[in-house]
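Okay, so here's the structure we're looking at.
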Amino acid sequence: MKVVNEEARLEALHSYQVLDTPPEPSLDALTRLAALICGTPISLVSLVDAERQWFKSNLGLEAKQQTPRNMAFCQHAMFTEKDVYEVKNATEDPLFQDNPLVTDEPSIRFYAGAPLLTPEGFPLGTLCTLHTEPHELTTQQREALVILAKEVSMHLELRRTQLLLEQEKQKLEGLLKMANDSAQALYMGSRNEIFVKHEQKLLRVKITDINYIEALGDYVNIHTTTERLTIYTTMKDIESKLPARTFVRVHRKYIVQLDKINSIEADAVMIDGSKGALEIPIGQSYRAGLMGRLNLI
């Protein structure tokens, strides 16, 4: 038997992220081909975890999706020094004659398994064929089983590569989004004006002139130091166009410019308006955010 670092082997197995995943037609086809070539009613792609063997592909043993590892023929087969580990009659083999898979259902008699190896040489499990009667493979059948096992290993490796590529793609998309968000934030922070559509005209509004914004259903009022502009938009949209460093939402209906706040009294902020001091209510869920933006002494 090969000596393998079990901790490293299990780490390699888990890196494939294949345990407990649904059946895959391409693997099922290889499993069926193994059974046809070897003349057996049962064929499996078996992956051996720390405490169990789990069947990624299963032909003829559908009543079982996994078994304890200590019952698995595959835990021996995957460490074989030979190309194929073969048990011609399990009832005559001291290692398996008392195995519950032999003494009880499904009454296994014959087993042949070829290891599934990673590019680094770690065995993940086997492609195996089983029979309820004593059996023996020909040289050509053994060679075919080894070839099919290599195909299964290549499929698992390709599957892992695709998963890694998808994960890298998601990371890259996340980094690009962060970069775009940062660029947008810098852009927003450096802008000193916005354009708004008001009464069929596009008006230039200086950021420093805005006192506060008020939501009115499908419209918002932009209150500047000299006028009120009513525009058709949402609070969420207009908030996204204002520099976050100078504006703060104090209520679901109100956004104010920090520099315009003169005082906070009870549940309201006081700001200067075109006609004197204005009182803007503070929503309870926005109070902490507002207080965190102030330079308190």
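Ordered as shown in the structure tokens, chains take letters A, B, and onward, while each chain numbers its residues from 1 and ligands are numbered from 1 in the order shown.
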Would you kindly return, as a list in words, each protein, DNA or RNA residue with an atom no farther than 8 Å from any atom of Ala149 (chain A), considering only C-alpha atoms and excluding same-chain residues fewer than 2 positions away?
->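 Contacts, in chain order: Ala114, Pro115, Leu116, Thr126, Leu127, Leu145, Val146, Ile147, Glu151, Val152 and Ser153 of chain A.
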Can you list, as a count of residues only, every residue of region 145-295 of chain A that DSSP puts in strand (DSSP E)?
-> 56
Please provide the set of residues having any atom within 12 Å of Leu258 (chain A), restricted to only C-alpha atoms, with same-chain residues fewer than 4 positions apart removed, written as a ChimeraX atom specification.
-> /A:207-208,210-212,243-250,262-264,269-272,290-295
Those residues you just picked out, can you put them in a file as a PDB file, in the first residue's frame with C-alpha atoms?
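What ended up in again19.pdb:
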ATOM      1  CA  ILE A 207     -23.625  72.138  -4.179  1.00  0.00           C
ATOM      2  CA  THR A 208     -22.729  74.831  -1.670  1.00  0.00           C
ATOM      3  CA  ILE A 210     -28.161  73.514  -1.285  1.00  0.00           C
ATOM      4  CA  ASN A 211     -29.549  73.723   2.256  1.00  0.00           C
ATOM      5  CA  TYR A 212     -31.619  70.561   2.298  1.00  0.00           C
ATOM      6  CA  PRO A 243     -21.088  64.190  -2.313  1.00  0.00           C
ATOM      7  CA  ALA A 244     -21.444  61.913   0.711  1.00  0.00           C
ATOM      8  CA  ARG A 245     -18.776  63.839   2.621  1.00  0.00           C
ATOM      9  CA  THR A 246     -20.938  66.977   2.853  1.00  0.00           C
ATOM     10  CA  PHE A 247     -24.520  65.672   2.986  1.00  0.00           C
ATOM     11  CA  VAL A 248     -26.249  63.501   5.571  1.00  0.00           C
ATOM     12  CA  ARG A 249     -29.673  61.915   5.680  1.00  0.00           C
ATOM     13  CA  VAL A 250     -31.447  62.887   8.897  1.00  0.00           C
ATOM     14  CA  ASN A 262     -26.428  75.595  13.031  1.00  0.00           C
ATOM     15  CA  SER A 263     -27.712  73.608  15.980  1.00  0.00           C
ATOM     16  CA  ILE A 264     -29.514  70.460  17.078  1.00  0.00           C
ATOM     17  CA  VAL A 269     -31.660  70.134  13.252  1.00  0.00           C
ATOM     18  CA  MET A 270     -31.735  73.895  12.753  1.00  0.00           C
ATOM     19  CA  ILE A 271     -30.445  75.319   9.487  1.00  0.00           C
ATOM     20  CA  ASP A 272     -30.504  78.730   7.822  1.00  0.00           C
ATOM     21  CA  LEU A 290     -25.895  62.067  12.086  1.00  0.00           C
ATOM     22  CA  MET A 291     -24.124  62.265  15.442  1.00  0.00           C
ATOM     23  CA  GLY A 292     -21.258  60.203  14.043  1.00  0.00           C
ATOM     24  CA  ARG A 293     -20.747  62.776  11.287  1.00  0.00           C
ATOM     25  CA  LEU A 294     -20.465  65.729  13.650  1.00  0.00           C
ATOM     26  CA  ASN A 295     -17.224  66.957  15.185  1.00  0.00           C
TER      27      ASN A 295
END
Could you pull the residues within 9 Å of Asp20 (chain A), counting only C-alpha atoms, minus those fewer than 4 positions along the same chain, as an NGL selection string?
-> :A and (54-56)
Contacts of Pro41 (chain A) at 9 Å or less, counting only C-alpha atoms, minus same-chain residues fewer than 6 places along, as a ChimeraX atom specification?
-> /A:35,59-61,129-132
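For the residues A:Gln17, A:Gln65, A:Asn89, A:Asn192, ranking by smallest atom-to-atom distance to Asp209 (chain A) using only C-alpha atoms places A:Asn192 first.
Picture a line from CA of Lys177 (chain A) to CA of Ile231 (chain A); it runs 29.6 Å.
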